[in-house]
Protein chains: 2
Amino acid sequence: MARPRIPDEFSPRADMLRAATRLLRQGGLAAAGINQIVAESGAPKGSLYHFFPDGKTQIAREALSAYRDAAVERYRARAQGCRSPEEAVRAFFEMGAEASLKTDYRMSCPAGTVTLDLDPESEALRAPCHDVFVSLVDAVEEALSPIPKSKRRDLAGLIVSTMQGAYIRARAARDISPFREAGENLAALAKMLTPSSRNPAPRKGK
Amino acid sequence: MARPRIPDEFSPRADMLRAATRLLRQGGLAAAGINQIVAESGAPKGSLYHFFPDGKTQIAREALSAYRDAAVERYRARAQGCRSPEEAVRAFFEMGAEASLKTDYRMSCPAGTVTLDLDPESEALRAPCHDVFVSLVDAVEEALSPIPKSKRRDLAGLIVSTMQGAYIRARAARDISPFREAGENLAALAKMLTPSSRNPAPRKGK
(Lines give C-alpha, C1' and ligand atoms only; values in the text may rest on other atoms or scores of the structure.)
Protein backbone atom coordinates (compact mmCIF):
# COMPACT_ATOMS: atom_id res chain seq x y z
CA MET A 1 0.00 0.00 0.00
CA ALA A 2 2.65 2.50 1.07
CA ARG A 3 4.49 3.94 -1.91
CA PRO A 4 8.24 4.44 -1.93
CA ARG A 5 9.33 7.87 -0.75
CA ILE A 6 10.55 9.05 -4.11
CA PRO A 7 9.70 7.60 -7.52
CA ASP A 8 12.04 4.61 -7.75
CA GLU A 9 12.30 4.02 -11.46
CA PHE A 10 15.89 3.66 -12.57
CA SER A 11 16.38 6.68 -14.77
CA PRO A 12 18.68 9.69 -14.69
CA ARG A 13 15.61 11.87 -14.10
CA ALA A 14 14.51 9.91 -11.03
CA ASP A 15 18.12 9.77 -9.78
CA MET A 16 18.36 13.55 -9.99
CA LEU A 17 15.04 14.04 -8.22
CA ARG A 18 16.09 11.70 -5.40
CA ALA A 19 19.47 13.43 -5.11
CA ALA A 20 17.78 16.85 -4.98
CA THR A 21 15.40 15.66 -2.26
CA ARG A 22 18.26 14.33 -0.10
CA LEU A 23 20.17 17.59 -0.49
CA LEU A 24 17.11 19.76 0.24
CA ARG A 25 16.38 17.71 3.37
CA GLN A 26 19.98 18.22 4.51
CA GLY A 27 20.45 21.90 4.01
CA GLY A 28 17.68 23.51 1.98
CA LEU A 29 18.24 25.47 -1.21
CA ALA A 30 21.87 26.34 -0.49
CA ALA A 31 22.77 22.64 -0.27
CA ALA A 32 20.90 21.74 -3.45
CA GLY A 33 22.77 23.65 -6.14
CA ILE A 34 22.86 22.29 -9.67
CA ASN A 35 26.46 21.10 -9.24
CA GLN A 36 25.68 19.30 -5.99
CA ILE A 37 22.62 17.61 -7.50
CA VAL A 38 24.66 16.46 -10.49
CA ALA A 39 27.46 15.16 -8.24
CA GLU A 40 25.08 13.45 -5.82
CA SER A 41 23.03 11.82 -8.58
CA GLY A 42 25.97 10.71 -10.70
CA ALA A 43 24.07 11.82 -13.81
CA PRO A 44 25.74 13.87 -16.55
CA LYS A 45 25.24 17.63 -16.08
CA GLY A 46 23.81 18.12 -19.56
CA SER A 47 20.95 15.77 -18.77
CA LEU A 48 19.82 17.90 -15.81
CA TYR A 49 18.77 20.77 -18.07
CA HIS A 50 17.34 18.27 -20.51
CA PHE A 51 14.98 16.88 -17.86
CA PHE A 52 14.53 20.09 -15.89
CA PRO A 53 14.75 22.98 -18.37
CA ASP A 54 13.96 25.52 -15.62
CA GLY A 55 16.90 24.25 -13.57
CA LYS A 56 17.02 24.43 -9.82
CA THR A 57 13.57 25.93 -9.25
CA GLN A 58 11.91 23.22 -11.31
CA ILE A 59 13.79 20.36 -9.70
CA ALA A 60 13.10 21.74 -6.20
CA ARG A 61 9.42 22.17 -7.02
CA GLU A 62 9.16 18.59 -8.30
CA ALA A 63 11.13 17.22 -5.35
CA LEU A 64 8.78 18.99 -2.91
CA SER A 65 5.75 17.63 -4.69
CA ALA A 66 7.12 14.04 -4.69
CA TYR A 67 8.02 14.41 -1.00
CA ARG A 68 4.49 15.65 -0.25
CA ASP A 69 2.83 12.64 -1.89
CA ALA A 70 5.15 10.18 -0.15
CA ALA A 71 4.78 11.86 3.24
CA VAL A 72 0.97 11.92 3.02
CA GLU A 73 1.06 8.22 2.16
CA ARG A 74 3.28 7.51 5.19
CA TYR A 75 0.98 9.45 7.54
CA ARG A 76 -2.07 7.58 6.23
CA ALA A 77 -0.37 4.19 6.47
CA ARG A 78 0.76 4.94 10.01
CA ALA A 79 -2.69 6.10 11.11
CA GLN A 80 -4.39 2.99 9.75
CA GLY A 81 -3.36 0.77 12.62
CA CYS A 82 -4.39 3.31 15.27
CA ARG A 83 -7.61 3.02 17.26
CA SER A 84 -7.84 6.60 18.53
CA PRO A 85 -6.59 10.12 17.75
CA GLU A 86 -4.39 9.79 20.84
CA GLU A 87 -2.67 6.72 19.43
CA ALA A 88 -2.28 8.30 15.98
CA VAL A 89 -0.63 11.41 17.43
CA ARG A 90 1.87 9.29 19.31
CA ALA A 91 2.53 7.25 16.14
CA PHE A 92 3.17 10.36 14.03
CA PHE A 93 5.84 11.62 16.40
CA GLU A 94 7.42 8.16 16.59
CA MET A 95 7.63 8.35 12.79
CA GLY A 96 9.47 11.69 13.07
CA ALA A 97 11.86 10.24 15.62
CA GLU A 98 12.55 7.23 13.38
CA ALA A 99 13.26 9.48 10.39
CA SER A 100 15.67 11.61 12.44
CA LEU A 101 17.52 8.55 13.74
CA LYS A 102 17.60 6.89 10.34
CA THR A 103 19.33 9.91 8.80
CA ASP A 104 21.58 10.41 11.86
CA TYR A 105 19.89 13.80 12.43
CA ARG A 106 21.19 15.10 9.12
CA MET A 107 17.90 15.40 7.28
CA SER A 108 14.47 16.81 7.96
CA CYS A 109 11.40 17.92 6.01
CA PRO A 110 12.45 19.68 2.76
CA ALA A 111 9.47 22.05 3.03
CA GLY A 112 10.87 23.21 6.38
CA THR A 113 14.44 23.69 5.17
CA VAL A 114 13.34 25.44 1.96
CA THR A 115 10.84 27.73 3.72
CA LEU A 116 13.59 29.05 5.96
CA ASP A 117 15.67 29.85 2.86
CA LEU A 118 12.93 31.74 0.99
CA ASP A 119 14.00 35.09 -0.40
CA PRO A 120 12.79 37.21 -3.32
CA GLU A 121 14.83 35.04 -5.72
CA SER A 122 13.26 31.77 -4.55
CA GLU A 123 9.75 33.18 -4.04
CA ALA A 124 8.41 30.70 -6.64
CA LEU A 125 9.03 27.91 -4.12
CA ARG A 126 6.82 29.38 -1.40
CA ALA A 127 3.63 27.86 -2.85
CA PRO A 128 5.07 24.31 -3.17
CA CYS A 129 6.29 24.51 0.47
CA HIS A 130 2.94 25.78 1.68
CA ASP A 131 1.30 23.00 -0.31
CA VAL A 132 3.36 20.35 1.54
CA PHE A 133 2.18 21.74 4.88
CA VAL A 134 -1.49 21.95 3.81
CA SER A 135 -1.36 18.34 2.60
CA LEU A 136 0.24 17.20 5.85
CA VAL A 137 -2.42 19.03 7.88
CA ASP A 138 -5.09 17.28 5.75
CA ALA A 139 -3.50 13.88 6.38
CA VAL A 140 -3.22 14.46 10.13
CA GLU A 141 -6.77 15.80 10.28
CA GLU A 142 -8.08 12.56 8.73
CA ALA A 143 -6.56 10.62 11.61
CA LEU A 144 -8.30 12.83 14.18
CA SER A 145 -11.83 12.26 12.87
CA PRO A 146 -13.48 11.37 16.22
CA ILE A 147 -12.58 14.88 17.42
CA PRO A 148 -15.29 17.48 16.64
CA LYS A 149 -14.64 19.25 13.35
CA SER A 150 -14.44 22.67 15.04
CA LYS A 151 -11.33 21.56 16.98
CA ARG A 152 -9.80 19.09 14.56
CA ARG A 153 -8.28 21.37 11.94
CA ASP A 154 -6.45 23.54 14.47
CA LEU A 155 -5.13 20.50 16.31
CA ALA A 156 -3.88 19.04 13.03
CA GLY A 157 -2.15 22.34 12.23
CA LEU A 158 -0.55 22.39 15.66
CA ILE A 159 0.73 18.83 15.18
CA VAL A 160 2.31 19.71 11.83
CA SER A 161 3.96 22.83 13.31
CA THR A 162 5.27 20.87 16.26
CA MET A 163 6.68 18.16 14.01
CA GLN A 164 8.69 20.78 12.08
CA GLY A 165 10.03 22.23 15.32
CA ALA A 166 10.81 18.81 16.76
CA TYR A 167 12.93 18.07 13.68
CA ILE A 168 14.88 21.27 14.36
CA ARG A 169 15.43 20.70 18.07
CA ALA A 170 16.29 17.03 17.52
CA ARG A 171 18.87 17.99 14.88
CA ALA A 172 20.46 20.56 17.20
CA ALA A 173 20.52 18.19 20.18
CA ARG A 174 21.16 14.96 18.26
CA ASP A 175 18.48 13.50 20.49
CA ILE A 176 14.94 12.32 19.85
CA SER A 177 13.39 13.65 23.08
CA PRO A 178 11.63 16.55 21.30
CA PHE A 179 9.53 13.94 19.48
CA ARG A 180 8.78 12.10 22.73
CA GLU A 181 7.78 15.32 24.58
CA ALA A 182 5.57 16.32 21.68
CA GLY A 183 4.01 12.87 21.22
CA GLU A 184 3.11 12.46 24.88
CA ASN A 185 1.76 15.96 25.44
CA LEU A 186 -0.15 16.24 22.17
CA ALA A 187 -1.59 12.72 22.61
CA ALA A 188 -2.93 13.91 25.98
CA LEU A 189 -4.42 16.97 24.29
CA ALA A 190 -5.99 14.80 21.56
CA LYS A 191 -7.47 12.55 24.24
CA MET A 192 -8.91 15.59 26.03
CA LEU A 193 -10.56 16.72 22.77
CA THR A 194 -11.93 13.27 21.86
CA PRO A 195 -15.51 12.79 23.06
CA SER A 196 -15.59 9.63 25.17
CA SER A 197 -18.32 7.07 24.55
CA ARG A 198 -19.36 7.36 28.21
CA ASN A 199 -19.59 11.11 28.12
CA PRO A 200 -20.10 12.26 24.54
CA ALA A 201 -19.45 15.92 23.83
CA PRO A 202 -21.72 17.71 21.34
CA ARG A 203 -20.46 17.21 17.76
CA LYS A 204 -20.40 20.53 15.99
CA GLY A 205 -20.14 21.04 12.25
CA LYS A 206 -20.34 18.27 9.67
CA MET B 1 14.04 46.14 32.10
CA ALA B 2 13.95 44.52 28.65
CA ARG B 3 17.27 44.81 26.85
CA PRO B 4 17.52 45.69 23.17
CA ARG B 5 17.56 42.66 20.89
CA ILE B 6 21.14 43.09 19.81
CA PRO B 7 23.85 45.15 21.53
CA ASP B 8 23.10 48.64 20.32
CA GLU B 9 26.39 50.41 20.74
CA PHE B 10 27.38 52.32 17.64
CA SER B 11 30.49 50.53 16.52
CA PRO B 12 31.48 48.63 13.38
CA ARG B 13 31.62 45.46 15.49
CA ALA B 14 28.04 45.85 16.74
CA ASP B 15 26.88 46.82 13.22
CA MET B 16 28.38 43.62 11.84
CA LEU B 17 26.81 41.49 14.55
CA ARG B 18 23.40 43.05 13.94
CA ALA B 19 23.78 42.56 10.18
CA ALA B 20 24.79 38.92 10.66
CA THR B 21 21.78 38.30 12.90
CA ARG B 22 19.36 39.78 10.37
CA LEU B 23 20.86 37.67 7.57
CA LEU B 24 20.86 34.47 9.67
CA ARG B 25 17.23 35.06 10.59
CA GLN B 26 16.37 35.48 6.89
CA GLY B 27 18.12 32.53 5.35
CA GLY B 28 20.53 30.81 7.71
CA LEU B 29 24.21 30.28 6.98
CA ALA B 30 23.88 30.51 3.21
CA ALA B 31 22.43 34.03 3.49
CA ALA B 32 25.08 35.19 5.98
CA GLY B 33 28.29 34.99 3.97
CA ILE B 34 31.15 37.34 4.77
CA ASN B 35 30.40 39.49 1.71
CA GLN B 36 26.71 39.78 2.59
CA ILE B 37 27.51 40.71 6.20
CA VAL B 38 29.95 43.37 5.05
CA ALA B 39 27.44 44.76 2.53
CA GLU B 40 24.53 44.69 4.99
CA SER B 41 26.54 46.32 7.81
CA GLY B 42 28.20 48.96 5.67
CA ALA B 43 31.48 48.33 7.52
CA PRO B 44 34.79 47.93 5.67
CA LYS B 45 35.62 44.31 4.87
CA GLY B 46 39.02 44.45 6.54
CA SER B 47 37.43 45.29 9.86
CA LEU B 48 35.35 42.09 9.86
CA TYR B 49 38.44 39.92 10.22
CA HIS B 50 39.87 42.41 12.68
CA PHE B 51 36.85 41.99 15.01
CA PHE B 52 36.07 38.36 14.13
CA PRO B 53 39.40 36.67 13.33
CA ASP B 54 37.68 33.27 12.90
CA GLY B 55 35.37 34.78 10.29
CA LYS B 56 31.90 33.47 9.60
CA THR B 57 31.83 30.79 12.31
CA GLN B 58 32.81 33.26 15.00
CA ILE B 59 30.36 35.93 13.92
CA ALA B 60 27.53 33.37 13.66
CA ARG B 61 28.38 32.00 17.11
CA GLU B 62 28.35 35.47 18.65
CA ALA B 63 25.15 36.43 16.83
CA LEU B 64 23.42 33.28 18.15
CA SER B 65 24.58 34.02 21.67
CA ALA B 66 23.38 37.66 21.52
CA TYR B 67 20.06 36.48 20.08
CA ARG B 68 19.71 33.93 22.89
CA ASP B 69 20.18 36.55 25.62
CA ALA B 70 17.76 38.98 24.01
CA ALA B 71 15.14 36.28 23.36
CA VAL B 72 15.29 34.99 26.95
CA GLU B 73 14.82 38.57 28.15
CA ARG B 74 11.79 39.00 25.87
CA TYR B 75 10.20 35.76 27.11
CA ARG B 76 10.73 36.79 30.74
CA ALA B 77 9.38 40.28 30.18
CA ARG B 78 6.32 38.90 28.41
CA ALA B 79 5.64 36.32 31.13
CA GLN B 80 5.81 38.93 33.88
CA GLY B 81 2.37 40.35 33.24
CA CYS B 82 0.71 36.92 33.05
CA ARG B 83 -1.31 35.45 35.90
CA SER B 84 -1.26 31.79 34.82
CA PRO B 85 0.70 29.35 32.63
CA GLU B 86 -2.28 29.41 30.28
CA GLU B 87 -1.99 33.16 29.81
CA ALA B 88 1.79 32.99 29.40
CA VAL B 89 1.53 30.34 26.67
CA ARG B 90 -0.91 32.50 24.74
CA ALA B 91 1.37 35.52 25.20
CA PHE B 92 4.44 33.66 23.89
CA PHE B 93 2.70 32.70 20.67
CA GLU B 94 1.37 36.24 20.26
CA MET B 95 4.99 37.34 20.51
CA GLY B 96 5.91 34.94 17.68
CA ALA B 97 3.05 36.23 15.55
CA GLU B 98 4.15 39.83 16.16
CA ALA B 99 7.74 39.03 15.17
CA SER B 100 6.58 37.34 11.97
CA LEU B 101 4.35 40.27 11.03
CA LYS B 102 6.99 42.84 11.93
CA THR B 103 9.49 41.24 9.54
CA ASP B 104 6.82 40.61 6.87
CA TYR B 105 7.42 36.84 7.31
CA ARG B 106 10.99 37.19 6.12
CA MET B 107 12.78 36.37 9.36
CA SER B 108 12.56 33.73 12.05
CA CYS B 109 14.71 32.32 14.84
CA PRO B 110 18.38 32.15 13.73
CA ALA B 111 18.89 28.95 15.74
CA GLY B 112 16.18 27.34 13.63
CA THR B 113 17.52 28.53 10.28
CA VAL B 114 21.12 27.61 11.19
CA THR B 115 20.20 24.18 12.58
CA LEU B 116 18.60 23.25 9.28
CA ASP B 117 21.82 24.23 7.48
CA LEU B 118 24.18 22.21 9.71
CA ASP B 119 26.65 20.03 7.82
CA PRO B 120 30.10 18.68 8.67
CA GLU B 121 31.64 22.05 7.77
CA SER B 122 29.41 24.03 10.13
CA GLU B 123 29.33 21.42 12.90
CA ALA B 124 30.91 23.97 15.30
CA LEU B 125 27.60 25.87 15.26
CA ARG B 126 25.52 22.94 16.51
CA ALA B 127 26.30 23.66 20.18
CA PRO B 128 25.41 27.38 20.00
CA CYS B 129 22.09 26.48 18.29
CA HIS B 130 21.33 23.83 20.90
CA ASP B 131 22.21 26.35 23.56
CA VAL B 132 19.60 28.82 22.24
CA PHE B 133 16.92 26.13 22.46
CA VAL B 134 17.93 25.03 25.97
CA SER B 135 17.84 28.66 27.16
CA LEU B 136 14.41 29.19 25.57
CA VAL B 137 13.09 26.02 27.23
CA ASP B 138 14.44 27.30 30.57
CA ALA B 139 12.72 30.67 30.07
CA VAL B 140 9.40 29.07 29.12
CA GLU B 141 9.64 26.61 32.01
CA GLU B 142 9.97 29.52 34.48
CA ALA B 143 6.62 30.86 33.28
CA LEU B 144 4.94 27.48 33.87
CA SER B 145 5.91 27.19 37.54
CA PRO B 146 2.45 26.36 38.93
CA ILE B 147 2.52 23.19 36.81
CA PRO B 148 4.11 20.22 38.64
CA LYS B 149 7.82 19.92 37.91
CA SER B 150 7.39 16.43 36.42
CA LYS B 151 5.25 17.85 33.58
CA ARG B 152 6.70 21.32 33.26
CA ARG B 153 9.97 20.67 31.43
CA ASP B 154 8.37 18.56 28.71
CA LEU B 155 5.62 21.12 28.18
CA ALA B 156 8.23 23.89 27.89
CA GLY B 157 10.14 21.80 25.35
CA LEU B 158 6.96 21.22 23.37
CA ILE B 159 6.21 24.96 23.35
CA VAL B 160 9.69 25.79 22.03
CA SER B 161 9.41 23.13 19.30
CA THR B 162 5.98 24.38 18.28
CA MET B 163 7.20 27.98 18.14
CA GLN B 164 9.93 26.95 15.68
CA GLY B 165 7.41 25.10 13.53
CA ALA B 166 4.91 27.94 13.68
CA TYR B 167 7.59 30.29 12.33
CA ILE B 168 8.07 27.92 9.41
CA ARG B 169 4.41 27.43 8.58
CA ALA B 170 3.69 31.15 9.00
CA ARG B 171 6.53 32.02 6.62
CA ALA B 172 5.28 29.54 4.01
CA ALA B 173 1.66 30.72 4.30
CA ARG B 174 2.37 34.41 4.98
CA ASP B 175 -0.29 34.07 7.66
CA ILE B 176 -0.14 34.10 11.44
CA SER B 177 -2.75 31.38 12.04
CA PRO B 178 -0.12 28.78 13.01
CA PHE B 179 0.65 30.95 16.07
CA ARG B 180 -3.04 31.28 16.93
CA GLU B 181 -3.68 27.50 16.58
CA ALA B 182 -0.66 26.78 18.74
CA GLY B 183 -1.43 29.43 21.35
CA GLU B 184 -5.03 28.34 21.84
CA ASN B 185 -4.37 24.61 21.93
CA LEU B 186 -1.26 24.74 24.08
CA ALA B 187 -2.90 27.21 26.48
CA ALA B 188 -5.68 24.64 26.93
CA LEU B 189 -3.06 21.96 27.58
CA ALA B 190 -1.27 24.20 30.10
CA LYS B 191 -4.58 24.83 31.85
CA MET B 192 -5.25 21.09 32.02
CA LEU B 193 -1.84 20.55 33.63
CA THR B 194 -2.18 23.43 36.12
CA PRO B 195 -3.52 22.24 39.48
CA SER B 196 -6.59 24.31 40.29
CA SER B 197 -6.90 25.90 43.72
CA ARG B 198 -10.22 24.10 44.21
CA ASN B 199 -8.79 20.72 43.30
CA PRO B 200 -5.03 20.72 43.89
CA ALA B 201 -3.05 17.95 42.21
CA PRO B 202 -0.11 16.46 44.09
CA ARG B 203 3.08 18.51 43.49
CA LYS B 204 5.87 16.14 42.61
CA GLY B 205 9.57 16.94 42.68
CA LYS B 206 11.07 20.14 43.95
# chains A, B, ... in the order shown; residues from 1 in each chain; ligands from 1
call {"tool": "residues_around", "arguments": {"residues": "A:Ala88", "least_positions_apart": "3", "cutoff": "10 Å", "atoms": "only C-alpha atoms", "output": "PyMOL selection string"}}
result
chain A and resi 75-76+78-85+91-94+140+143-144+183+187+190
call {"tool": "write_last_selection", "arguments": {"atoms": "N, CA and C atoms", "output": "PDB file, in the first residue's frame"}}
result
ATOM      1  N   TYR A  75       1.871   9.072   6.427  1.00  0.00           N
ATOM      2  CA  TYR A  75       0.982   9.448   7.537  1.00  0.00           C
ATOM      3  C   TYR A  75      -0.274   8.578   7.522  1.00  0.00           C
ATOM      4  N   ARG A  76      -0.843   8.391   6.324  1.00  0.00           N
ATOM      5  CA  ARG A  76      -2.069   7.579   6.227  1.00  0.00           C
ATOM      6  C   ARG A  76      -1.808   6.147   6.636  1.00  0.00           C
ATOM      7  N   ARG A  78       0.494   5.027   8.580  1.00  0.00           N
ATOM      8  CA  ARG A  78       0.761   4.943  10.015  1.00  0.00           C
ATOM      9  C   ARG A  78      -0.517   5.074  10.832  1.00  0.00           C
ATOM     10  N   ALA A  79      -1.445   5.883  10.352  1.00  0.00           N
ATOM     11  CA  ALA A  79      -2.692   6.103  11.105  1.00  0.00           C
ATOM     12  C   ALA A  79      -3.609   4.893  11.030  1.00  0.00           C
ATOM     13  N   GLN A  80      -3.434   4.085   9.971  1.00  0.00           N
ATOM     14  CA  GLN A  80      -4.389   2.988   9.746  1.00  0.00           C
ATOM     15  C   GLN A  80      -4.470   1.997  10.903  1.00  0.00           C
ATOM     16  N   GLY A  81      -3.337   1.733  11.533  1.00  0.00           N
ATOM     17  CA  GLY A  81      -3.357   0.766  12.622  1.00  0.00           C
ATOM     18  C   GLY A  81      -3.783   1.359  13.968  1.00  0.00           C
ATOM     19  N   CYS A  82      -4.129   2.654  13.981  1.00  0.00           N
ATOM     20  CA  CYS A  82      -4.391   3.310  15.274  1.00  0.00           C
ATOM     21  C   CYS A  82      -5.874   3.322  15.591  1.00  0.00           C
ATOM     22  N   ARG A  83      -6.199   3.126  16.875  1.00  0.00           N
ATOM     23  CA  ARG A  83      -7.606   3.021  17.262  1.00  0.00           C
ATOM     24  C   ARG A  83      -8.189   4.321  17.818  1.00  0.00           C
ATOM     25  N   SER A  84      -7.344   5.327  17.970  1.00  0.00           N
ATOM     26  CA  SER A  84      -7.839   6.599  18.525  1.00  0.00           C
ATOM     27  C   SER A  84      -6.935   7.725  18.042  1.00  0.00           C
ATOM     28  N   PRO A  85      -7.433   8.976  18.069  1.00  0.00           N
ATOM     29  CA  PRO A  85      -6.585  10.124  17.747  1.00  0.00           C
ATOM     30  C   PRO A  85      -5.329  10.132  18.630  1.00  0.00           C
ATOM     31  N   ALA A  91       1.905   7.952  17.276  1.00  0.00           N
ATOM     32  CA  ALA A  91       2.534   7.247  16.144  1.00  0.00           C
ATOM     33  C   ALA A  91       3.204   8.224  15.180  1.00  0.00           C
ATOM     34  N   PHE A  92       2.584   9.381  14.948  1.00  0.00           N
ATOM     35  CA  PHE A  92       3.174  10.357  14.027  1.00  0.00           C
ATOM     36  C   PHE A  92       4.523  10.843  14.565  1.00  0.00           C
ATOM     37  N   PHE A  93       4.573  11.128  15.857  1.00  0.00           N
ATOM     38  CA  PHE A  93       5.841  11.624  16.399  1.00  0.00           C
ATOM     39  C   PHE A  93       6.892  10.517  16.491  1.00  0.00           C
ATOM     40  N   GLU A  94       6.451   9.277  16.668  1.00  0.00           N
ATOM     41  CA  GLU A  94       7.415   8.163  16.586  1.00  0.00           C
ATOM     42  C   GLU A  94       8.015   8.101  15.184  1.00  0.00           C
ATOM     43  N   VAL A 140      -3.116  14.591   8.669  1.00  0.00           N
ATOM     44  CA  VAL A 140      -3.224  14.462  10.129  1.00  0.00           C
ATOM     45  C   VAL A 140      -4.681  14.610  10.544  1.00  0.00           C
ATOM     46  N   ALA A 143      -6.800  11.573  10.531  1.00  0.00           N
ATOM     47  CA  ALA A 143      -6.562  10.615  11.612  1.00  0.00           C
ATOM     48  C   ALA A 143      -7.206  11.063  12.925  1.00  0.00           C
ATOM     49  N   LEU A 144      -7.731  12.291  12.939  1.00  0.00           N
ATOM     50  CA  LEU A 144      -8.301  12.829  14.175  1.00  0.00           C
ATOM     51  C   LEU A 144      -9.824  12.829  14.123  1.00  0.00           C
ATOM     52  N   GLY A 183       4.953  13.992  21.354  1.00  0.00           N
ATOM     53  CA  GLY A 183       4.012  12.875  21.221  1.00  0.00           C
ATOM     54  C   GLY A 183       3.192  12.693  22.484  1.00  0.00           C
ATOM     55  N   ALA A 187      -0.659  13.859  22.489  1.00  0.00           N
ATOM     56  CA  ALA A 187      -1.585  12.725  22.613  1.00  0.00           C
ATOM     57  C   ALA A 187      -2.564  13.006  23.758  1.00  0.00           C
ATOM     58  N   ALA A 190      -5.042  15.458  22.475  1.00  0.00           N
ATOM     59  CA  ALA A 190      -5.989  14.797  21.560  1.00  0.00           C
ATOM     60  C   ALA A 190      -7.016  14.001  22.353  1.00  0.00           C
TER      61      ALA A 190
END
call {"tool": "residues_around", "arguments": {"residues": "stretch 36-45 of chain A", "least_positions_apart": "2", "cutoff": "8 Å", "atoms": "only C-alpha atoms", "output": "PyMOL selection string"}}
result
chain A and resi 12+15-16+18-20+23+31-34+47-49
call {"tool": "closest_residue", "arguments": {"among": "B:Ser100, B:Thr115, B:Asn35, B:Ser150", "to": "chain A", "atoms": "only C-alpha atoms"}}
result
B:Thr115
call {"tool": "select_by_dssp", "arguments": {"residues": "stretch 76-154 of chain A", "states": "alpha helix (DSSP H)", "output": "PyMOL selection string"}}
result
chain A and resi 76-80+85-102+110-115+126-143+149-154
call {"tool": "interface_residues", "arguments": {"of": "chain A", "to": "chain B", "cutoff": "8 Å", "atoms": "only C-alpha atoms", "output": "PyMOL selection string"}}
result
chain A and resi 26-28+30-31+106+108+112-113+115-119+126-127+129-130+133+154-155+157-158+160-166+168-169+171-173+178+181-182+185+189
call {"tool": "atom_distance", "arguments": {"atom1": "atom CA of B:Gly96", "atom2": "atom CA of B:Thr194"}}
result
23.2 Å
call {"tool": "decode", "arguments": {"residues": "stretch 44-70 of chain A", "atoms": "N, CA and C atoms", "output": "short mmCIF file (atom, residue, chain, number, x, y, z; two decimals), in the first residue's frame"}}
result
data_model
loop_
_atom_site.label_atom_id
_atom_site.label_comp_id
_atom_site.auth_asym_id
_atom_site.auth_seq_id
_atom_site.Cartn_x
_atom_site.Cartn_y
_atom_site.Cartn_z
N PRO A 44 24.98 12.82 -15.84
CA PRO A 44 25.74 13.87 -16.55
C PRO A 44 25.02 15.22 -16.46
N LYS A 45 25.80 16.30 -16.31
CA LYS A 45 25.24 17.63 -16.08
C LYS A 45 24.27 18.06 -17.20
N GLY A 46 24.66 17.72 -18.44
CA GLY A 46 23.81 18.12 -19.56
C GLY A 46 22.39 17.59 -19.41
N SER A 47 22.28 16.38 -18.84
CA SER A 47 20.95 15.77 -18.77
C SER A 47 20.05 16.48 -17.76
N LEU A 48 20.65 17.20 -16.79
CA LEU A 48 19.82 17.90 -15.81
C LEU A 48 18.93 18.94 -16.51
N TYR A 49 19.57 19.75 -17.37
CA TYR A 49 18.77 20.77 -18.07
C TYR A 49 17.86 20.15 -19.13
N HIS A 50 18.23 18.96 -19.58
CA HIS A 50 17.34 18.27 -20.51
C HIS A 50 16.04 17.89 -19.79
N PHE A 51 16.17 17.32 -18.60
CA PHE A 51 14.98 16.88 -17.86
C PHE A 51 14.29 18.01 -17.10
N PHE A 52 15.08 18.98 -16.68
CA PHE A 52 14.53 20.09 -15.89
C PHE A 52 14.96 21.41 -16.51
N PRO A 53 14.29 21.80 -17.62
CA PRO A 53 14.75 22.98 -18.37
C PRO A 53 14.78 24.25 -17.51
N ASP A 54 13.94 24.32 -16.46
CA ASP A 54 13.96 25.52 -15.62
C ASP A 54 14.97 25.41 -14.49
N GLY A 55 15.79 24.36 -14.52
CA GLY A 55 16.90 24.25 -13.57
C GLY A 55 16.46 24.02 -12.14
N LYS A 56 17.16 24.69 -11.25
CA LYS A 56 17.02 24.43 -9.82
C LYS A 56 15.59 24.62 -9.29
N THR A 57 14.93 25.68 -9.75
CA THR A 57 13.57 25.93 -9.25
C THR A 57 12.65 24.78 -9.63
N GLN A 58 12.78 24.31 -10.87
CA GLN A 58 11.91 23.22 -11.31
C GLN A 58 12.19 21.93 -10.54
N ILE A 59 13.46 21.62 -10.37
CA ILE A 59 13.79 20.36 -9.70
C ILE A 59 13.37 20.44 -8.22
N ALA A 60 13.53 21.60 -7.60
CA ALA A 60 13.10 21.74 -6.20
C ALA A 60 11.59 21.62 -6.11
N ARG A 61 10.88 22.24 -7.05
CA ARG A 61 9.42 22.17 -7.02
C ARG A 61 8.96 20.72 -7.16
N GLU A 62 9.57 19.99 -8.10
CA GLU A 62 9.16 18.59 -8.30
C GLU A 62 9.56 17.71 -7.11
N ALA A 63 10.70 18.00 -6.51
CA ALA A 63 11.13 17.22 -5.35
C ALA A 63 10.16 17.44 -4.19
N LEU A 64 9.73 18.70 -3.99
CA LEU A 64 8.78 18.99 -2.91
C LEU A 64 7.45 18.29 -3.15
N SER A 65 7.04 18.24 -4.40
CA SER A 65 5.75 17.63 -4.69
C SER A 65 5.83 16.10 -4.52
N ALA A 66 6.96 15.49 -4.90
CA ALA A 66 7.12 14.04 -4.69
C ALA A 66 7.21 13.73 -3.19
N TYR A 67 7.91 14.60 -2.46
CA TYR A 67 8.02 14.41 -1.00
C TYR A 67 6.63 14.50 -0.36
N ARG A 68 5.85 15.47 -0.78
CA ARG A 68 4.49 15.65 -0.25
C ARG A 68 3.65 14.38 -0.42
N ASP A 69 3.65 13.83 -1.65
CA ASP A 69 2.83 12.64 -1.89
C ASP A 69 3.29 11.46 -1.03
N ALA A 70 4.62 11.30 -0.93
CA ALA A 70 5.15 10.18 -0.15
C ALA A 70 4.87 10.36 1.33
#
